[in-house]
>>> print(open('structure33.txt').read())   # compact mmCIF, C-alpha atoms
# COMPACT_ATOMS: atom_id res chain seq x y z
CA ALA A 285 -0.71 -3.09 50.94
CA ALA A 286 -3.72 -3.02 53.20
CA PRO A 287 -6.97 -1.61 51.81
CA SER A 288 -7.94 1.91 52.77
CA GLY A 289 -11.19 0.66 54.26
CA GLU A 290 -13.83 -2.03 54.21
CA GLY A 291 -15.53 -2.53 50.85
CA THR A 292 -19.02 -1.52 51.90
CA ALA A 293 -20.24 -1.32 48.29
CA TYR A 294 -18.95 -4.88 47.75
CA ARG A 295 -20.79 -6.15 50.85
CA GLU A 296 -24.00 -4.40 49.75
CA LEU A 297 -23.75 -5.93 46.28
CA VAL A 298 -23.20 -9.41 47.73
CA ALA A 299 -26.19 -8.96 50.06
CA LEU A 300 -28.45 -7.76 47.23
CA THR A 301 -27.53 -10.50 44.76
CA GLY A 302 -26.95 -13.45 47.09
CA CYS A 303 -23.58 -13.98 45.45
CA VAL A 304 -20.47 -15.57 46.88
CA GLU A 305 -18.47 -13.44 49.32
CA ALA A 306 -14.75 -13.83 49.97
CA ASN A 307 -11.90 -11.82 51.45
CA LEU A 308 -10.05 -10.55 48.39
CA CYS A 309 -7.03 -9.57 50.46
CA LEU A 310 -6.33 -13.20 51.35
CA GLN A 311 -6.15 -14.20 47.66
CA ASP A 312 -7.53 -17.64 48.59
CA PHE A 313 -10.02 -18.29 45.80
CA ASP A 314 -10.45 -22.07 46.29
CA PRO A 315 -13.63 -21.73 48.43
CA VAL A 316 -15.15 -19.42 45.79
CA PHE A 317 -14.27 -21.78 42.92
CA ASP A 318 -15.65 -24.73 44.91
CA GLN A 319 -19.00 -22.94 45.17
CA PHE A 320 -18.94 -22.17 41.43
CA ALA A 321 -18.22 -25.82 40.62
CA THR A 322 -21.13 -26.96 42.79
CA ALA A 323 -23.46 -24.46 41.10
CA VAL A 324 -22.38 -25.60 37.63
CA VAL A 325 -22.96 -29.27 38.46
CA ASP A 326 -26.39 -28.52 39.93
CA SER A 327 -27.44 -26.43 36.91
CA ALA A 328 -26.10 -29.05 34.47
CA ARG A 329 -28.72 -31.57 35.55
CA LEU A 330 -31.50 -32.26 33.09
CA ASN A 331 -34.87 -30.70 33.73
CA CYS A 332 -37.89 -32.74 34.74
CA GLU A 333 -40.42 -30.58 32.93
CA TRP A 334 -40.36 -28.95 29.53
CA VAL A 335 -42.41 -26.18 27.97
CA ILE A 336 -44.15 -27.36 24.82
CA PRO A 337 -43.00 -25.16 21.94
CA GLU A 338 -45.54 -23.31 19.83
CA PRO A 339 -46.44 -25.39 16.77
CA PRO A 340 -45.39 -23.99 13.39
CA GLU A 341 -47.85 -21.59 11.78
CA GLY A 342 -50.98 -23.31 10.53
CA MET A 343 -50.44 -26.38 12.74
CA THR A 344 -51.77 -27.43 16.15
CA LEU A 345 -50.43 -29.66 18.89
CA GLU A 346 -51.79 -33.19 18.70
CA ALA A 347 -51.59 -34.14 22.38
CA ASP A 348 -51.92 -37.86 21.60
CA LEU A 349 -48.93 -37.78 19.25
CA VAL A 350 -46.16 -37.02 21.77
CA ASN A 351 -43.59 -39.38 23.32
CA LEU A 352 -40.59 -39.14 25.62
CA GLU A 353 -37.47 -41.26 25.30
CA PHE A 354 -34.71 -41.36 27.93
CA THR A 355 -31.13 -42.44 27.31
CA ASP A 356 -29.08 -42.96 30.47
CA ASP A 357 -25.34 -42.54 30.94
CA THR A 358 -24.68 -46.14 29.83
CA GLY A 359 -26.50 -45.64 26.52
CA THR A 360 -29.56 -47.64 27.59
CA ARG A 361 -32.79 -46.22 26.10
CA PHE A 362 -36.34 -46.58 27.29
CA GLN A 363 -39.68 -44.94 26.62
CA ILE A 364 -41.30 -42.88 29.33
CA GLY A 365 -45.01 -43.58 28.96
CA ARG A 366 -47.82 -41.09 29.32
CA ILE A 367 -50.25 -40.99 32.21
CA GLU A 368 -53.20 -38.66 32.82
CA THR A 369 -52.14 -36.89 36.04
CA VAL A 370 -49.43 -36.81 38.70
CA ASP A 371 -51.73 -38.96 40.85
CA ASP A 372 -51.07 -41.87 38.48
CA CYS A 373 -47.29 -41.78 39.07
CA ALA A 374 -47.38 -44.32 41.90
CA SER A 375 -49.05 -46.96 39.75
CA VAL A 376 -46.73 -46.87 36.70
CA GLU A 377 -43.13 -47.38 35.79
CA HIS A 378 -41.52 -44.41 34.01
CA GLY A 379 -44.42 -41.96 33.56
CA TRP A 380 -44.98 -38.46 32.24
CA TYR A 381 -48.05 -36.22 32.12
CA TYR A 382 -49.21 -32.84 30.87
CA ASP A 383 -49.52 -29.94 33.31
CA ASP A 384 -53.07 -29.48 31.98
CA PRO A 385 -54.63 -32.42 30.09
CA ILE A 386 -57.06 -30.12 28.24
CA ASN A 387 -54.69 -27.26 27.29
CA PRO A 388 -51.17 -28.58 27.87
CA THR A 389 -48.27 -26.15 28.06
CA LYS A 390 -45.70 -28.41 29.77
CA ILE A 391 -44.59 -32.02 29.82
CA VAL A 392 -43.65 -33.23 33.33
CA VAL A 393 -42.09 -36.53 34.40
CA CYS A 394 -42.99 -38.38 37.59
CA PRO A 395 -40.75 -37.87 40.63
CA ASP A 396 -39.09 -41.30 40.34
CA VAL A 397 -38.21 -40.62 36.69
CA CYS A 398 -36.96 -37.16 37.60
CA GLN A 399 -34.67 -38.68 40.21
CA GLN A 400 -33.33 -41.15 37.65
CA ILE A 401 -32.81 -38.45 35.02
CA GLN A 402 -31.03 -36.10 37.40
CA GLY A 403 -28.95 -38.92 38.87
CA ALA A 404 -27.37 -39.80 35.53
CA ASP A 405 -24.09 -38.08 34.66
CA ALA A 406 -24.56 -37.98 30.89
CA ALA A 407 -28.19 -38.51 30.02
CA GLU A 408 -30.56 -37.33 27.33
CA VAL A 409 -34.33 -36.88 27.07
CA ASN A 410 -35.90 -36.65 23.61
CA ILE A 411 -39.40 -35.31 23.14
CA GLU A 412 -40.85 -36.79 19.96
CA PHE A 413 -43.82 -35.27 18.15
CA GLY A 414 -45.88 -37.04 15.50
CA CYS A 415 -46.17 -40.68 16.62
CA GLN A 416 -49.00 -42.23 18.61
CA THR A 417 -48.40 -41.67 22.32
CA ILE A 418 -47.20 -44.70 24.25
CA PRO A 419 -48.97 -45.17 27.60
CA ALA A 420 -46.95 -45.88 30.74
CA ALA A 421 -46.59 -49.51 31.81
CA PRO A 422 -48.23 -50.37 35.12
CA ASN A 423 -46.02 -51.39 38.07
>>> encode(input="structure33.txt", output="structure tokens")
Amino acid sequence: AAPSGEGTAYRELVALTGCVEANLCLQDFDPVFDQFATAVVDSARLNCEWVIPEPPEGMTLEADLVNLEFTDDTGTRFQIGRIETVDDCASVEHGWYYDDPINPTKIVVCPDVCQQIQGADAAEVNIEFGCQTIPAAPN
């Protein structure tokens, strides 16, 4: 049976939320599911920056006792070494830095590391607290 009229409330909701729109009368949901699958894959990528959690009560963050370790989709592990600022990314291999060296709130990896992290299908980044920070190796 044909609908009694156009779903204006549906169109308004789609416009407000930026959601996927499809003709429900056609019952062809493949294009909608394809968009969902793309969104899931994009959101499943690892981040390239992480908020530093609040230390437990009575403790403080020791900024020189933080390390990052990356494991790629083949199981190969390597350390991502610390640099001072994003400007140092071009001169090192596998670098990370704090958003603010004095009062850090985030750990951020260099763009080349980010690309490598997000390009791996099954990868893992571990942030390790408590061991002397390893500096990034120069190119």
>>> atom_distance(input="structure33.txt", atom1="CA of Gly365 (chain A)", atom2="CA of Glu338 (chain A)")
22.2 Å
>>> closest_residue(input="structure33.txt", among="A:Asp371, A:Asn351, A:Thr358, A:Glu296", to="Glu412 (chain A)", atoms="only C-alpha atoms")
A:Asn351
>>> closest_residue(input="structure33.txt", among="A:Val409, A:Cys415, A:Met343, A:Cys332", to="Pro395 (chain A)", atoms="only C-alpha atoms")
A:Cys332
>>> closest_residue(input="structure33.txt", among="A:Glu377, A:Asp356, A:Glu333, A:Asp348", to="Ile401 (chain A)", atoms="all atoms listed in the file")
A:Asp356
>>> axis_aligned_box(input="structure33.txt", around="region 373-383 of chain A", padding_each_side="5 Å", output="AutoDock Vina command-line options")
--center_x -45.5 --center_y -38.7 --center_z 36.4 --size_x 18.0 --size_y 27.4 --size_z 21.0
>>> closest_residue(input="structure33.txt", among="A:Thr360, A:Thr369, A:Thr417, A:Thr292", to="Val393 (chain A)", atoms="all atoms listed in the file")
A:Thr369
>>> residues_around(input="structure33.txt", residues="Asn387 (chain A)", least_positions_apart="4", cutoff="12 Å", atoms="all atoms listed in the file", output="MDAnalysis selection string")
chainID A and resid 336 344:347 382:383 391
>>> atom_distance(input="structure33.txt", atom1="CA of Phe354 (chain A)", atom2="CA of Gly379 (chain A)")
11.2 Å
>>> atom_distance(input="structure33.txt", atom1="CA of Ala421 (chain A)", atom2="CA of Gln363 (chain A)")
9.8 Å
>>> residues_around(input="structure33.txt", residues="Leu352 (chain A)", least_positions_apart="6", cutoff="6 Å", atoms="only C-alpha atoms", output="ChimeraX atom specification")
/A:363-364,410-411
>>> closest_residue(input="structure33.txt", among="A:Asp384, A:Asp357, A:Asp396, A:Asp372", to="Glu408 (chain A)", atoms="only C-alpha atoms")
A:Asp357
>>> residues_around(input="structure33.txt", residues="Gly403 (chain A)", least_positions_apart="3", cutoff="10 Å", atoms="all atoms listed in the file", output="PyMOL selection string")
chain A and resi 329-330+356-357+397-400+406-407
>>> write_last_selection(input="structure33.txt", atoms="C-alpha atoms", output="mmCIF file, in the coordinates of the input")
data_model
loop_
_atom_site.group_PDB
_atom_site.id
_atom_site.type_symbol
_atom_site.label_atom_id
_atom_site.label_comp_id
_atom_site.auth_asym_id
_atom_site.auth_seq_id
_atom_site.Cartn_x
_atom_site.Cartn_y
_atom_site.Cartn_z
ATOM 1 C CA ARG A 329 -28.720 -31.570 35.550
ATOM 2 C CA LEU A 330 -31.500 -32.260 33.090
ATOM 3 C CA ASP A 356 -29.080 -42.960 30.470
ATOM 4 C CA ASP A 357 -25.340 -42.540 30.940
ATOM 5 C CA VAL A 397 -38.210 -40.620 36.690
ATOM 6 C CA CYS A 398 -36.960 -37.160 37.600
ATOM 7 C CA GLN A 399 -34.670 -38.680 40.210
ATOM 8 C CA GLN A 400 -33.330 -41.150 37.650
ATOM 9 C CA ALA A 406 -24.560 -37.980 30.890
ATOM 10 C CA ALA A 407 -28.190 -38.510 30.020
#
>>> closest_residue(input="structure33.txt", among="A:Phe413, A:Ala420, A:Cys394, A:Asp405", to="Thr355 (chain A)", atoms="only C-alpha atoms")
A:Asp405
>>> build_atoms(input="structure33.txt", residues="region 398-409 of chain A", atoms="all heavy atoms", output="PDB file, keeping the file's coordinate frame")
ATOM      1  N   CYS A 398     -37.768 -38.359  37.417  1.00  0.00           N
ATOM      2  CA  CYS A 398     -36.960 -37.160  37.600  1.00  0.00           C
ATOM      3  C   CYS A 398     -35.684 -37.501  38.363  1.00  0.00           C
ATOM      4  O   CYS A 398     -34.592 -37.082  37.985  1.00  0.00           O
ATOM      5  CB  CYS A 398     -37.757 -36.098  38.346  1.00  0.00           C
ATOM      6  SG  CYS A 398     -36.853 -34.551  38.573  1.00  0.00           S
ATOM      7  N   GLN A 399     -35.832 -38.278  39.414  1.00  0.00           N
ATOM      8  CA  GLN A 399     -34.670 -38.680  40.210  1.00  0.00           C
ATOM      9  C   GLN A 399     -33.679 -39.471  39.356  1.00  0.00           C
ATOM     10  O   GLN A 399     -32.469 -39.275  39.429  1.00  0.00           O
ATOM     11  CB  GLN A 399     -35.133 -39.492  41.409  1.00  0.00           C
ATOM     12  CG  GLN A 399     -34.060 -39.786  42.416  1.00  0.00           C
ATOM     13  CD  GLN A 399     -34.635 -40.467  43.643  1.00  0.00           C
ATOM     14  OE1 GLN A 399     -35.621 -41.209  43.566  1.00  0.00           O
ATOM     15  NE2 GLN A 399     -34.028 -40.214  44.780  1.00  0.00           N
ATOM     16  N   GLN A 400     -34.187 -40.347  38.527  1.00  0.00           N
ATOM     17  CA  GLN A 400     -33.330 -41.150  37.650  1.00  0.00           C
ATOM     18  C   GLN A 400     -32.632 -40.270  36.610  1.00  0.00           C
ATOM     19  O   GLN A 400     -31.452 -40.415  36.355  1.00  0.00           O
ATOM     20  CB  GLN A 400     -34.160 -42.228  36.969  1.00  0.00           C
ATOM     21  CG  GLN A 400     -33.330 -43.214  36.192  1.00  0.00           C
ATOM     22  CD  GLN A 400     -34.179 -44.370  35.667  1.00  0.00           C
ATOM     23  OE1 GLN A 400     -35.393 -44.373  35.788  1.00  0.00           O
ATOM     24  NE2 GLN A 400     -33.527 -45.343  35.093  1.00  0.00           N
ATOM     25  N   ILE A 401     -33.373 -39.352  36.025  1.00  0.00           N
ATOM     26  CA  ILE A 401     -32.810 -38.450  35.020  1.00  0.00           C
ATOM     27  C   ILE A 401     -31.711 -37.593  35.631  1.00  0.00           C
ATOM     28  O   ILE A 401     -30.626 -37.460  35.085  1.00  0.00           O
ATOM     29  CB  ILE A 401     -33.923 -37.544  34.431  1.00  0.00           C
ATOM     30  CG1 ILE A 401     -34.836 -38.352  33.511  1.00  0.00           C
ATOM     31  CG2 ILE A 401     -33.337 -36.359  33.690  1.00  0.00           C
ATOM     32  CD1 ILE A 401     -36.073 -37.588  33.069  1.00  0.00           C
ATOM     33  N   GLN A 402     -32.001 -37.001  36.784  1.00  0.00           N
ATOM     34  CA  GLN A 402     -31.030 -36.100  37.400  1.00  0.00           C
ATOM     35  C   GLN A 402     -29.869 -36.847  38.046  1.00  0.00           C
ATOM     36  O   GLN A 402     -28.832 -36.257  38.298  1.00  0.00           O
ATOM     37  CB  GLN A 402     -31.714 -35.179  38.392  1.00  0.00           C
ATOM     38  CG  GLN A 402     -32.618 -34.206  37.672  1.00  0.00           C
ATOM     39  CD  GLN A 402     -33.196 -33.141  38.571  1.00  0.00           C
ATOM     40  OE1 GLN A 402     -33.261 -33.282  39.776  1.00  0.00           O
ATOM     41  NE2 GLN A 402     -33.636 -32.054  37.968  1.00  0.00           N
ATOM     42  N   GLY A 403     -30.027 -38.137  38.284  1.00  0.00           N
ATOM     43  CA  GLY A 403     -28.950 -38.920  38.870  1.00  0.00           C
ATOM     44  C   GLY A 403     -27.952 -39.434  37.849  1.00  0.00           C
ATOM     45  O   GLY A 403     -26.877 -39.912  38.204  1.00  0.00           O
ATOM     46  N   ALA A 404     -28.266 -39.324  36.577  1.00  0.00           N
ATOM     47  CA  ALA A 404     -27.370 -39.800  35.530  1.00  0.00           C
ATOM     48  C   ALA A 404     -26.377 -38.692  35.150  1.00  0.00           C
ATOM     49  O   ALA A 404     -26.757 -37.534  35.020  1.00  0.00           O
ATOM     50  CB  ALA A 404     -28.175 -40.227  34.304  1.00  0.00           C
ATOM     51  N   ASP A 405     -25.122 -39.071  34.977  1.00  0.00           N
ATOM     52  CA  ASP A 405     -24.090 -38.080  34.660  1.00  0.00           C
ATOM     53  C   ASP A 405     -24.209 -37.538  33.240  1.00  0.00           C
ATOM     54  O   ASP A 405     -24.027 -36.365  33.008  1.00  0.00           O
ATOM     55  CB  ASP A 405     -22.696 -38.690  34.843  1.00  0.00           C
ATOM     56  CG  ASP A 405     -22.371 -38.904  36.308  1.00  0.00           C
ATOM     57  OD1 ASP A 405     -22.886 -38.139  37.149  1.00  0.00           O
ATOM     58  OD2 ASP A 405     -21.616 -39.836  36.614  1.00  0.00           O
ATOM     59  N   ALA A 406     -24.479 -38.397  32.289  1.00  0.00           N
ATOM     60  CA  ALA A 406     -24.560 -37.980  30.890  1.00  0.00           C
ATOM     61  C   ALA A 406     -25.805 -38.610  30.288  1.00  0.00           C
ATOM     62  O   ALA A 406     -25.750 -39.672  29.698  1.00  0.00           O
ATOM     63  CB  ALA A 406     -23.310 -38.404  30.121  1.00  0.00           C
ATOM     64  N   ALA A 407     -26.924 -37.956  30.477  1.00  0.00           N
ATOM     65  CA  ALA A 407     -28.190 -38.510  30.020  1.00  0.00           C
ATOM     66  C   ALA A 407     -28.836 -37.571  29.012  1.00  0.00           C
ATOM     67  O   ALA A 407     -28.411 -36.434  28.832  1.00  0.00           O
ATOM     68  CB  ALA A 407     -29.123 -38.704  31.214  1.00  0.00           C
ATOM     69  N   GLU A 408     -29.883 -38.094  28.365  1.00  0.00           N
ATOM     70  CA  GLU A 408     -30.560 -37.330  27.330  1.00  0.00           C
ATOM     71  C   GLU A 408     -32.039 -37.672  27.349  1.00  0.00           C
ATOM     72  O   GLU A 408     -32.406 -38.829  27.500  1.00  0.00           O
ATOM     73  CB  GLU A 408     -29.948 -37.701  25.982  1.00  0.00           C
ATOM     74  CG  GLU A 408     -30.465 -36.949  24.808  1.00  0.00           C
ATOM     75  CD  GLU A 408     -29.723 -37.364  23.548  1.00  0.00           C
ATOM     76  OE1 GLU A 408     -28.512 -37.073  23.433  1.00  0.00           O
ATOM     77  OE2 GLU A 408     -30.360 -37.997  22.687  1.00  0.00           O
ATOM     78  N   VAL A 409     -32.889 -36.673  27.203  1.00  0.00           N
ATOM     79  CA  VAL A 409     -34.330 -36.880  27.070  1.00  0.00           C
ATOM     80  C   VAL A 409     -34.733 -36.294  25.723  1.00  0.00           C
ATOM     81  O   VAL A 409     -34.433 -35.139  25.425  1.00  0.00           O
ATOM     82  CB  VAL A 409     -35.120 -36.202  28.199  1.00  0.00           C
ATOM     83  CG1 VAL A 409     -36.617 -36.332  27.945  1.00  0.00           C
ATOM     84  CG2 VAL A 409     -34.756 -36.794  29.548  1.00  0.00           C
TER      85      VAL A 409
END
